[in-house]
Each structure stands twice: as structure tokens, then as C-alpha cells.
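File shown: work-v8.cif. Contents: mmCIF, C-alpha atoms and all ligand atoms.
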data_entry
loop_
_atom_site.label_atom_id
_atom_site.label_comp_id
_atom_site.auth_asym_id
_atom_site.auth_seq_id
_atom_site.Cartn_x
_atom_site.Cartn_y
_atom_site.Cartn_z
CA MET A 298 -1.21 -24.98 -6.05
CA HIS A 299 -1.59 -21.21 -5.77
CA LYS A 300 1.64 -19.25 -5.40
CA LEU A 301 0.71 -17.74 -2.02
CA GLU A 302 -1.04 -20.76 -0.47
CA GLY A 303 -0.52 -20.78 3.32
CA ARG A 304 0.48 -17.12 3.46
CA VAL A 305 -1.45 -14.45 5.40
CA ALA A 306 -1.37 -10.82 4.24
CA ILE A 307 -2.49 -7.58 5.83
CA VAL A 308 -3.19 -4.90 3.22
CA THR A 309 -3.67 -1.48 4.81
CA GLY A 310 -6.18 0.88 3.20
CA ALA A 311 -7.72 -1.93 1.17
CA SER A 312 -11.34 -0.81 1.00
CA LYS A 313 -10.70 1.15 -2.21
CA GLY A 314 -8.30 1.88 -5.02
CA ILE A 315 -4.88 0.30 -5.21
CA GLY A 316 -5.24 -1.44 -1.84
CA ALA A 317 -8.45 -3.16 -2.94
CA GLY A 318 -6.72 -4.28 -6.14
CA ILE A 319 -3.82 -5.70 -4.13
CA ALA A 320 -6.14 -7.54 -1.73
CA LEU A 321 -8.05 -9.09 -4.64
CA ARG A 322 -4.87 -10.23 -6.36
CA LEU A 323 -3.16 -11.67 -3.28
CA ALA A 324 -6.35 -13.58 -2.44
CA ALA A 325 -6.56 -14.89 -6.02
CA ASP A 326 -2.97 -16.09 -5.62
CA GLY A 327 -3.99 -18.09 -2.52
CA ALA A 328 -3.17 -15.80 0.42
CA LYS A 329 -5.60 -15.21 3.26
CA VAL A 330 -6.09 -11.46 3.29
CA VAL A 331 -6.95 -8.92 5.96
CA VAL A 332 -8.72 -6.03 4.26
CA ASN A 333 -7.96 -3.03 6.45
CA TYR A 334 -10.04 0.13 6.21
CA ALA A 335 -10.50 3.30 8.25
CA ARG A 336 -14.04 4.51 7.42
CA SER A 337 -15.47 2.66 4.41
CA VAL A 338 -16.94 -0.39 6.11
CA GLU A 339 -19.38 -1.17 3.29
CA ALA A 340 -16.72 -1.08 0.58
CA ALA A 341 -14.45 -3.27 2.69
CA GLU A 342 -17.19 -5.84 3.39
CA ARG A 343 -18.16 -5.86 -0.31
CA LEU A 344 -14.57 -6.64 -1.26
CA VAL A 345 -14.43 -9.45 1.31
CA MET A 346 -17.61 -10.95 -0.20
CA THR A 347 -16.11 -10.74 -3.70
CA ILE A 348 -13.00 -12.58 -2.51
CA ARG A 349 -15.03 -15.24 -0.70
CA ASP A 350 -17.37 -15.72 -3.67
CA ALA A 351 -14.30 -16.49 -5.76
CA GLY A 352 -13.25 -19.16 -3.24
CA GLY A 353 -10.71 -17.04 -1.35
CA HIS A 354 -10.30 -16.11 2.30
CA ALA A 355 -10.58 -12.55 3.61
CA LYS A 356 -11.64 -10.56 6.63
CA ALA A 357 -12.31 -6.83 6.93
CA VAL A 358 -10.70 -5.12 9.93
CA GLN A 359 -11.24 -1.49 10.86
CA ALA A 360 -8.15 0.38 12.08
CA ASP A 361 -6.85 3.90 11.58
CA VAL A 362 -3.24 3.19 10.69
CA SER A 363 -2.16 6.68 11.75
CA LYS A 364 -2.97 5.63 15.35
CA PRO A 365 -0.45 3.32 17.03
CA ARG A 366 -2.95 1.52 19.27
CA GLU A 367 -5.18 0.69 16.30
CA ILE A 368 -2.21 -0.83 14.45
CA ASP A 369 -1.71 -3.26 17.35
CA MET A 370 -5.42 -4.13 17.21
CA LEU A 371 -5.18 -4.74 13.45
CA PHE A 372 -2.43 -7.33 13.91
CA ASP A 373 -4.27 -8.93 16.85
CA GLU A 374 -7.43 -9.32 14.73
CA ALA A 375 -5.41 -10.76 11.85
CA ALA A 376 -3.76 -13.35 14.09
CA LEU A 377 -7.14 -14.26 15.58
CA ALA A 378 -8.69 -14.73 12.15
CA PHE A 379 -5.88 -16.53 10.33
CA GLY A 380 -3.32 -17.68 12.92
CA HIS A 381 -0.31 -15.72 11.75
CA VAL A 382 0.80 -12.89 9.44
CA ASP A 383 3.74 -13.09 7.03
CA ILE A 384 2.99 -10.37 4.48
CA LEU A 385 2.36 -6.69 5.26
CA VAL A 386 1.44 -4.31 2.46
CA ASN A 387 1.75 -0.73 3.70
CA ASN A 388 -0.63 0.81 1.19
CA ALA A 389 -2.78 3.24 3.20
CA GLY A 390 -1.79 6.74 2.24
CA ILE A 391 -3.26 10.17 1.69
CA TYR A 392 -2.32 12.96 -0.69
CA GLU A 393 -3.17 16.64 -0.36
CA PHE A 394 -2.39 19.23 -3.01
CA GLY A 395 -1.76 22.97 -2.92
CA ASP A 396 1.04 25.52 -3.14
CA LEU A 397 3.55 26.26 -0.39
CA ALA A 398 1.37 29.02 1.06
CA SER A 399 -1.52 26.61 1.55
CA ILE A 400 0.42 24.13 3.69
CA THR A 401 -0.67 24.04 7.34
CA PRO A 402 0.80 22.26 10.35
CA ASP A 403 -2.26 19.98 10.29
CA SER A 404 -1.85 19.02 6.62
CA ILE A 405 1.80 18.11 7.32
CA ASP A 406 0.85 16.09 10.40
CA ARG A 407 -2.01 14.26 8.62
CA GLN A 408 0.13 13.11 5.69
CA PHE A 409 3.22 12.19 7.74
CA ALA A 410 1.12 10.47 10.45
CA LEU A 411 -0.30 7.96 7.98
CA ASN A 412 2.20 7.76 5.10
CA VAL A 413 5.32 7.61 7.28
CA LYS A 414 4.60 7.12 10.99
CA GLY A 415 1.86 4.53 10.36
CA LEU A 416 4.09 2.67 7.91
CA ILE A 417 7.00 2.55 10.37
CA LEU A 418 4.86 1.41 13.30
CA ALA A 419 3.01 -1.22 11.26
CA THR A 420 6.36 -2.57 10.08
CA GLN A 421 7.60 -2.60 13.68
CA VAL A 422 4.67 -4.81 14.71
CA ALA A 423 5.06 -7.00 11.62
CA ALA A 424 8.74 -7.60 12.39
CA ARG A 425 7.73 -8.61 15.92
CA VAL A 426 5.02 -11.08 14.90
CA PHE A 427 6.30 -12.51 11.60
CA PRO A 428 7.18 -16.21 11.92
CA PRO A 429 10.85 -17.18 12.53
CA ALA A 430 11.18 -18.05 8.82
CA GLY A 431 10.59 -14.37 8.00
CA GLY A 432 8.15 -12.47 5.81
CA VAL A 433 7.75 -9.65 3.35
CA VAL A 434 6.86 -5.98 3.81
CA VAL A 435 5.77 -4.06 0.71
CA ASN A 436 5.76 -0.28 0.93
CA ILE A 437 3.51 1.46 -1.57
CA SER A 438 5.48 4.56 -2.48
CA SER A 439 4.92 6.85 -5.47
CA GLY A 440 6.90 8.04 -8.44
CA ALA A 441 6.78 11.35 -6.53
CA GLY A 442 9.29 9.88 -4.08
CA VAL A 443 12.10 10.30 -6.62
CA THR A 444 10.58 12.95 -8.90
CA PRO A 445 8.59 15.24 -6.58
CA ILE A 446 5.46 16.94 -7.93
CA ALA A 447 5.00 20.72 -7.75
CA GLY A 448 1.95 21.35 -5.59
CA ALA A 449 2.40 18.09 -3.67
CA GLN A 450 5.52 18.97 -1.69
CA VAL A 451 4.50 17.38 1.59
CA TYR A 452 3.13 14.25 -0.06
CA SER A 453 6.26 13.89 -2.21
CA ALA A 454 8.38 14.27 0.92
CA THR A 455 6.44 11.49 2.66
CA LYS A 456 7.14 9.17 -0.27
CA GLY A 457 10.82 10.13 -0.33
CA ALA A 458 10.85 9.09 3.32
CA VAL A 459 9.10 5.83 2.42
CA ASP A 460 11.83 5.02 -0.14
CA SER A 461 14.53 5.71 2.45
CA LEU A 462 12.73 3.48 4.96
CA THR A 463 12.45 0.67 2.41
CA ARG A 464 16.22 0.71 2.13
CA SER A 465 17.10 1.14 5.81
CA LEU A 466 14.58 -1.41 7.09
CA ALA A 467 15.71 -3.95 4.49
CA LEU A 468 19.28 -3.52 5.73
CA GLU A 469 18.17 -4.13 9.31
CA LEU A 470 15.71 -6.96 8.73
CA GLY A 471 17.44 -9.00 6.02
CA ALA A 472 19.31 -11.15 8.54
CA ARG A 473 15.95 -12.29 9.92
CA GLY A 474 14.67 -13.36 6.49
CA ILE A 475 12.39 -10.33 6.22
CA ARG A 476 12.39 -8.59 2.84
CA VAL A 477 11.25 -4.98 2.42
CA VAL A 478 10.29 -3.96 -1.10
CA GLY A 479 8.97 -0.65 -2.42
CA ILE A 480 6.46 -0.41 -5.25
CA ALA A 481 6.11 3.10 -6.67
CA PRO A 482 3.01 3.59 -8.84
CA GLY A 483 2.78 6.27 -11.48
CA ILE A 484 -0.69 7.73 -11.96
CA VAL A 485 -3.47 5.23 -11.18
CA ALA A 486 -7.25 5.50 -11.60
CA THR A 487 -8.65 5.16 -8.06
CA GLU A 488 -11.34 6.70 -5.89
CA GLY A 489 -8.63 9.02 -4.57
CA THR A 490 -7.64 10.35 -8.01
CA SER A 491 -11.17 10.37 -9.47
CA GLY A 492 -11.46 14.08 -8.71
CA LEU A 493 -8.82 14.80 -11.36
CA GLY A 494 -11.19 13.64 -14.10
CA GLU A 495 -10.09 12.88 -17.65
CA GLU A 496 -8.78 16.41 -18.09
CA GLY A 497 -6.60 16.21 -14.99
CA MET A 498 -5.25 12.81 -15.98
CA ALA A 499 -4.44 13.85 -19.57
CA PRO A 500 -1.05 15.52 -18.86
CA PHE A 501 0.10 12.41 -16.99
CA VAL A 502 -1.08 10.09 -19.76
CA ALA A 503 0.71 12.27 -22.33
CA ARG A 504 3.99 11.70 -20.48
CA THR A 505 3.42 7.95 -19.98
CA PRO A 506 5.28 5.95 -22.65
CA LEU A 507 2.71 3.14 -22.48
CA GLY A 508 0.02 5.72 -23.16
CA ARG A 509 -2.67 5.12 -20.55
CA VAL A 510 -3.57 5.60 -16.89
CA GLY A 511 -2.58 2.75 -14.58
CA GLN A 512 -5.19 0.51 -13.00
CA PRO A 513 -5.05 -0.97 -9.48
CA ALA A 514 -4.51 -4.40 -11.08
CA ASP A 515 -1.28 -3.14 -12.71
CA ILE A 516 0.13 -2.28 -9.29
CA ALA A 517 -1.28 -5.42 -7.68
CA ALA A 518 0.58 -7.59 -10.24
CA ALA A 519 3.88 -6.04 -9.17
CA VAL A 520 3.04 -6.54 -5.49
CA ALA A 521 2.10 -10.19 -6.15
CA PHE A 522 5.49 -10.70 -7.78
CA ALA A 523 7.35 -8.91 -4.97
CA VAL A 524 5.82 -11.05 -2.20
CA SER A 525 6.13 -14.34 -4.08
CA GLY A 526 9.11 -16.67 -4.23
CA ASP A 527 9.87 -15.23 -7.69
CA GLY A 528 10.72 -11.93 -5.97
CA GLY A 529 12.72 -13.70 -3.27
CA TRP A 530 16.07 -12.11 -4.14
CA ILE A 531 14.75 -8.56 -4.05
CA THR A 532 14.96 -6.40 -0.97
CA GLY A 533 15.65 -2.74 -0.20
CA GLU A 534 14.69 -1.66 -3.72
CA THR A 535 11.77 0.43 -4.93
CA LEU A 536 10.37 -0.66 -8.27
CA GLN A 537 8.82 2.08 -10.43
CA VAL A 538 5.49 0.76 -11.78
CA GLY A 539 4.03 3.52 -13.89
CA GLY A 540 4.10 2.55 -17.56
CA GLY A 541 7.39 4.46 -17.84
CA LEU A 542 6.00 7.72 -16.41
CA ARG A 543 8.38 10.02 -14.58
CA LEU A 544 6.14 12.36 -12.59
N1 LIG A 601 -3.70 6.73 -7.17
C1 LIG A 601 -2.50 7.10 -7.60
O1 LIG A 601 -2.34 7.68 -8.69
C2 LIG A 601 -1.28 6.83 -6.76
C3 LIG A 601 -0.03 7.07 -7.32
C4 LIG A 601 1.12 6.82 -6.58
C5 LIG A 601 1.00 6.31 -5.30
N2 LIG A 601 -0.22 6.07 -4.76
C6 LIG A 601 -0.28 5.53 -3.39
O2 LIG A 601 -1.09 4.38 -3.38
C7 LIG A 601 -1.75 4.27 -2.12
C8 LIG A 601 -3.25 4.14 -2.33
O3 LIG A 601 -3.71 5.24 -3.07
P1 LIG A 601 -5.18 5.24 -3.74
O4 LIG A 601 -5.16 6.23 -4.83
O5 LIG A 601 -5.59 3.83 -4.00
O6 LIG A 601 -6.04 5.84 -2.52
P2 LIG A 601 -7.63 5.97 -2.33
O7 LIG A 601 -8.36 5.57 -3.55
O8 LIG A 601 -7.83 7.34 -1.78
O9 LIG A 601 -7.92 4.92 -1.18
C9 LIG A 601 -7.29 5.11 0.07
C10 LIG A 601 -7.47 3.90 0.94
O10 LIG A 601 -6.74 4.14 2.15
C11 LIG A 601 -7.62 4.00 3.25
N3 LIG A 601 -7.25 4.90 4.33
C12 LIG A 601 -7.26 6.26 4.35
N4 LIG A 601 -6.85 6.71 5.56
C13 LIG A 601 -6.59 5.61 6.31
C14 LIG A 601 -6.14 5.40 7.64
N5 LIG A 601 -5.87 6.44 8.44
N6 LIG A 601 -5.98 4.13 8.08
C15 LIG A 601 -6.26 3.08 7.27
N7 LIG A 601 -6.68 3.21 6.00
C16 LIG A 601 -6.85 4.46 5.53
C17 LIG A 601 -9.00 4.30 2.71
O11 LIG A 601 -9.96 3.66 3.54
P3 LIG A 601 -11.29 4.39 4.07
O12 LIG A 601 -12.05 4.82 2.84
O13 LIG A 601 -11.95 3.34 4.85
O14 LIG A 601 -10.83 5.58 4.87
C18 LIG A 601 -8.92 3.68 1.32
O15 LIG A 601 -9.14 2.30 1.38
C19 LIG A 601 -1.34 5.50 -1.30
O16 LIG A 601 -0.24 5.17 -0.47
C20 LIG A 601 -0.90 6.48 -2.38
O17 LIG A 601 0.02 7.42 -1.89
C21 LIG A 601 -1.37 6.34 -5.46
#
As C-alpha cells - that is how I would like this structure written.
Amino acid sequence: MHKLEGRVAIVTGASKGIGAGIALRLAADGAKVVVNYARSVEAAERLVMTIRDAGGHAKAVQADVSKPREIDMLFDEAALAFGHVDILVNNAGIYEFGDLASITPDSIDRQFALNVKGLILATQVAARVFPPAGGVVVNISSGAGVTPIAGAQVYSATKGAVDSLTRSLALELGARGIRVVGIAPGIVATEGTSGLGEEGMAPFVARTPLGRVGQPADIAAAVAFAVSGDGGWITGETLQVGGGLRL
């Protein structure tokens, strides 16, 4: 029997990158997976086909997680498709780079609206609809949450907030059997980081003890552990998953 048989997971921002890797892995471990996306319908549908071709269960659902009403619709669609939800992976996130002078009110709002507000409101709905036995929320943070990056002040601040929320929500929800676990990737090769190129990645790789860039599957393996019974005694903690890199 697969480890996650009978479980239903929503993975936000799963059309690409780390989220797609997590969706693939949770489906391979037996979960039914809702592949959330905002714009990339083709990529999301392709991923769903890949999961189904491998014998898994998945459905693509469009929702902009920075918009509260669309979060409600995402959970409604998930329940319609698979009956219930007991795993939420808050993965959708954006990162914008530039010095202090380049920060605008809009860039602050965009990053906090998705990385923090969307994560809180999705977790609020999850806590409302999870079965009485409980569930698991995984927050995809970043190494930048504890070691902020110059030139990514706002983004780093959003991930610091995510780490704080992982702790505070775990304290509140533990009594209901709901675990909240943070997974903080180092540098990972995704569509989002592709613009850095090999040259941009090189300084990160040089400071990574395991000597390479992370892949979505590396992060997905940690998420699969966190949501499984093997991770059942972990809550309120953020696990650094970056090959030893401190950003
Ligand atoms: N890559 C790294 O090195 C790295 C390191 C540390 C932490 N992280 C974190 O890992 C997560 C994923 O990063 P990534 O590099 O995989 O990103 P990515 O390649 O840019 O992919 C982002 C995903 O999020 C979705 N998305 C964007 N805005 C959304 C919204 N408003 N609502 C719902 N989905 C939305 C995108 O879907 P559409 O294309 O459909 O818009 C896409 O599927 C983020 O939280 C990021 O902060 C990444």
C-alpha cells in the first residue's frame, strides 16, 4: 500500500517548479492531488496527465491564491473532485529582486498578498474543512527566512513571516490534530529561477556543501516525509532543505 493512500492534497502553485515536483511525488505516494495554478493552464493539465498516466489521481484547478474568494473556490473544487482535503501544501510564492530604492508599494503588496496573506487564508480554510481526525499543512518557506538575501528584502521578510506563522499556527492547531510544518528550500532549479542561468547559480552552488543546485524532487521528498506518518511527531518546525546552503 502507498504511504498516502486515501489522503487528498491541495498543492498551490503546482503548474511549475517545486510545486509541480511536490504534486508528482505526493501522487506517486498514493495521494489524490489538486494541482493549483494561476495562469499556466497547459502546464497544469500536462502535469495532471503525467500523474494519471502513472496510475495516480489528480485534477487541475485554477485559482489566484492571493485572492480570498478564489481560495474558497479552490477548496470547493477539491472537495467536489475528491470528497475531502487533509493535506495543504502552501507552495505558491513569488520573488522579486532589487535594491531598497527599487521597492514600490505594489511590489510589497504583490509579494505579501501571495506569500503571506494567501498562505494564512488558505490555512484558515483548510483548518475549517479538514476532517475531525486532523490534517497537515506544509508551508514552503525559503532559507532566506532565517538568512535574508541582500536585494531580496521584501521576499526574505515574507519568508520570515512564513516561519513565524508555521510556529504560531502549529501552537494553535495541534490540539485538533493538525500539524503545520515548514520546508525551507535552498536554491532550486525551477522555471522561476531559470533567469539566473548557470552564472547566477554558481555563487550559490559554491556555498552549498553538497555541491549542486537543488531539484524540485529534492524538496518534494522532504514534503512527502513531512506529510506522512513518519513525520507525525513534527509540528511547528521549519526544516532547511538546501544541501547545507545558508543563503
Ligand atoms: N526556486 C528556488 O530556488 C526557491 C528557493 C526557496 C524557496 N522557494 C519557494 O518555493 C516556492 C515555489 O518556487 P518556484 O521557484 O518553484 O516558483 P516558479 O517556478 O516561479 O513557479 C511558481 C508557481 O506558482 C504559481 N503561482 C504564481 N502566482 C500564483 C498565484 N497568485 N496563485 C496561485 N499560484 C500562483 C505559478 O503558477 P502560474 O504559472 O499558473 O501562475 C507556478 O506554478 C515559492 O514559495 C518560493 O518562494 C523557491
Problem - Minimum-distance residue to Pro365 (chain A), chosen among A:Gly494, A:Gly303, A:Gly310, A:Gly415 (using only C-alpha atoms) - result: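 Residue with the minimum atom-to-atom distance to Pro365 (chain A): A:Gly415.
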Practice task
For CA of Val538 (chain A) and CA of Ala517 (chain A), determine how far apart the two atoms are, in Å to one decimal place.
Solution key: 10.0 Å
Problem - Counting all atoms listed in the file, the residue of A:Arg464, A:Arg543, A:His381, A:Lys456 that sits nearest ligand LIG 601 (chain A) - result: A:Lys456
Give the residue list for ligand LIG 601 (chain A) at 6 Å, counting all atoms listed in the file, as a PDB file with C-alpha atoms, in the coordinates of the input, sorted by chain and then by residue number.
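As written to disk, part_8.pdb reads:
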ATOM      1  CA  THR A 309      -3.670  -1.480   4.810  1.00  0.00           C
ATOM      2  CA  GLY A 310      -6.180   0.880   3.200  1.00  0.00           C
ATOM      3  CA  ALA A 311      -7.720  -1.930   1.170  1.00  0.00           C
ATOM      4  CA  SER A 312     -11.340  -0.810   1.000  1.00  0.00           C
ATOM      5  CA  LYS A 313     -10.700   1.150  -2.210  1.00  0.00           C
ATOM      6  CA  GLY A 314      -8.300   1.880  -5.020  1.00  0.00           C
ATOM      7  CA  ILE A 315      -4.880   0.300  -5.210  1.00  0.00           C
ATOM      8  CA  GLY A 316      -5.240  -1.440  -1.840  1.00  0.00           C
ATOM      9  CA  TYR A 334     -10.040   0.130   6.210  1.00  0.00           C
ATOM     10  CA  ALA A 335     -10.500   3.300   8.250  1.00  0.00           C
ATOM     11  CA  ARG A 336     -14.040   4.510   7.420  1.00  0.00           C
ATOM     12  CA  SER A 337     -15.470   2.660   4.410  1.00  0.00           C
ATOM     13  CA  ALA A 360      -8.150   0.380  12.080  1.00  0.00           C
ATOM     14  CA  ASP A 361      -6.850   3.900  11.580  1.00  0.00           C
ATOM     15  CA  VAL A 362      -3.240   3.190  10.690  1.00  0.00           C
ATOM     16  CA  SER A 363      -2.160   6.680  11.750  1.00  0.00           C
ATOM     17  CA  ASN A 388      -0.630   0.810   1.190  1.00  0.00           C
ATOM     18  CA  ALA A 389      -2.780   3.240   3.200  1.00  0.00           C
ATOM     19  CA  GLY A 390      -1.790   6.740   2.240  1.00  0.00           C
ATOM     20  CA  ILE A 391      -3.260  10.170   1.690  1.00  0.00           C
ATOM     21  CA  LEU A 411      -0.300   7.960   7.980  1.00  0.00           C
ATOM     22  CA  ILE A 437       3.510   1.460  -1.570  1.00  0.00           C
ATOM     23  CA  SER A 438       5.480   4.560  -2.480  1.00  0.00           C
ATOM     24  CA  SER A 439       4.920   6.850  -5.470  1.00  0.00           C
ATOM     25  CA  PRO A 482       3.010   3.590  -8.840  1.00  0.00           C
ATOM     26  CA  GLY A 483       2.780   6.270 -11.480  1.00  0.00           C
ATOM     27  CA  ILE A 484      -0.690   7.730 -11.960  1.00  0.00           C
ATOM     28  CA  VAL A 485      -3.470   5.230 -11.180  1.00  0.00           C
ATOM     29  CA  ALA A 486      -7.250   5.500 -11.600  1.00  0.00           C
ATOM     30  CA  THR A 487      -8.650   5.160  -8.060  1.00  0.00           C
ATOM     31  CA  GLU A 488     -11.340   6.700  -5.890  1.00  0.00           C
ATOM     32  CA  GLY A 489      -8.630   9.020  -4.570  1.00  0.00           C
ATOM     33  CA  THR A 490      -7.640  10.350  -8.010  1.00  0.00           C
TER      34      THR A 490
END
Exercise for the section: Find the residues near region 495-512 of chain A: any atom within 7 Å, counting all atoms listed in the file, skip ones fewer than 2 places away on the same chain, and give them as a count of residues only. Expected result: 10
Practice task
Have a look at A:Pro428, A:Ala472, A:Val524, A:Thr532 and name the one nearest to Ile384 (chain A); count all atoms listed in the file.
Solution key: A:Val524
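Picture a line from CA of Arg407 (chain A) to CA of Gly395 (chain A); it runs 14.5 Å.
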Quick one: region 395-449 of chain A from the block, C-alpha atoms, as a PDB file, in the first residue's frame.
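For reference, out32.pdb as written:
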ATOM      1  CA  GLY A 395      16.209  44.771  -6.488  1.00  0.00           C
ATOM      2  CA  ASP A 396      17.803  47.226  -4.071  1.00  0.00           C
ATOM      3  CA  LEU A 397      15.944  49.235  -1.444  1.00  0.00           C
ATOM      4  CA  ALA A 398      15.441  52.161  -3.818  1.00  0.00           C
ATOM      5  CA  SER A 399      13.635  49.938  -6.314  1.00  0.00           C
ATOM      6  CA  ILE A 400      10.967  48.726  -3.885  1.00  0.00           C
ATOM      7  CA  THR A 401       7.480  50.051  -4.623  1.00  0.00           C
ATOM      8  CA  PRO A 402       4.236  49.793  -2.670  1.00  0.00           C
ATOM      9  CA  ASP A 403       2.970  47.451  -5.398  1.00  0.00           C
ATOM     10  CA  SER A 404       5.964  45.104  -5.195  1.00  0.00           C
ATOM     11  CA  ILE A 405       5.462  44.868  -1.411  1.00  0.00           C
ATOM     12  CA  ASP A 406       1.734  44.222  -1.815  1.00  0.00           C
ATOM     13  CA  ARG A 407       2.235  41.592  -4.555  1.00  0.00           C
ATOM     14  CA  GLN A 408       4.722  39.526  -2.557  1.00  0.00           C
ATOM     15  CA  PHE A 409       2.914  39.778   0.796  1.00  0.00           C
ATOM     16  CA  ALA A 410      -0.511  39.165  -0.816  1.00  0.00           C
ATOM     17  CA  LEU A 411       0.538  35.748  -2.112  1.00  0.00           C
ATOM     18  CA  ASN A 412       3.404  34.591   0.123  1.00  0.00           C
ATOM     19  CA  VAL A 413       1.792  35.610   3.425  1.00  0.00           C
ATOM     20  CA  LYS A 414      -1.870  36.626   3.105  1.00  0.00           C
ATOM     21  CA  GLY A 415      -2.699  33.794   0.686  1.00  0.00           C
ATOM     22  CA  LEU A 416      -0.911  31.282   2.907  1.00  0.00           C
ATOM     23  CA  ILE A 417      -2.799  32.423   6.021  1.00  0.00           C
ATOM     24  CA  LEU A 418      -6.200  32.420   4.320  1.00  0.00           C
ATOM     25  CA  ALA A 419      -5.654  29.040   2.644  1.00  0.00           C
ATOM     26  CA  THR A 420      -4.664  27.595   6.020  1.00  0.00           C
ATOM     27  CA  GLN A 421      -7.774  29.149   7.573  1.00  0.00           C
ATOM     28  CA  VAL A 422      -9.993  27.331   5.065  1.00  0.00           C
ATOM     29  CA  ALA A 423      -8.003  24.102   5.452  1.00  0.00           C
ATOM     30  CA  ALA A 424      -8.446  24.175   9.232  1.00  0.00           C
ATOM     31  CA  ARG A 425     -12.180  24.633   8.691  1.00  0.00           C
ATOM     32  CA  VAL A 426     -12.610  21.752   6.240  1.00  0.00           C
ATOM     33  CA  PHE A 427     -10.016  19.193   7.391  1.00  0.00           C
ATOM     34  CA  PRO A 428     -11.665  16.044   8.771  1.00  0.00           C
ATOM     35  CA  PRO A 429     -12.107  15.714  12.571  1.00  0.00           C
ATOM     36  CA  ALA A 430      -9.045  13.424  12.678  1.00  0.00           C
ATOM     37  CA  GLY A 431      -6.910  16.373  11.544  1.00  0.00           C
ATOM     38  CA  GLY A 432      -4.501  17.002   8.688  1.00  0.00           C
ATOM     39  CA  VAL A 433      -1.192  18.519   7.704  1.00  0.00           C
ATOM     40  CA  VAL A 434      -0.268  21.963   6.395  1.00  0.00           C
ATOM     41  CA  VAL A 435       3.158  22.343   4.791  1.00  0.00           C
ATOM     42  CA  ASN A 436       4.460  25.863   4.304  1.00  0.00           C
ATOM     43  CA  ILE A 437       7.123  26.229   1.628  1.00  0.00           C
ATOM     44  CA  SER A 438       9.447  28.831   3.089  1.00  0.00           C
ATOM     45  CA  SER A 439      12.997  29.642   1.974  1.00  0.00           C
ATOM     46  CA  GLY A 440      16.437  29.662   3.504  1.00  0.00           C
ATOM     47  CA  ALA A 441      16.012  33.439   3.127  1.00  0.00           C
ATOM     48  CA  GLY A 442      13.540  33.317   6.016  1.00  0.00           C
ATOM     49  CA  VAL A 443      16.392  32.877   8.507  1.00  0.00           C
ATOM     50  CA  THR A 444      19.311  34.231   6.455  1.00  0.00           C
ATOM     51  CA  PRO A 445      17.847  37.103   4.403  1.00  0.00           C
ATOM     52  CA  ILE A 446      19.328  37.831   0.973  1.00  0.00           C
ATOM     53  CA  ALA A 447      20.606  41.297   0.040  1.00  0.00           C
ATOM     54  CA  GLY A 448      18.483  42.506  -2.859  1.00  0.00           C
ATOM     55  CA  ALA A 449      15.508  40.380  -1.818  1.00  0.00           C
TER      56      ALA A 449
END
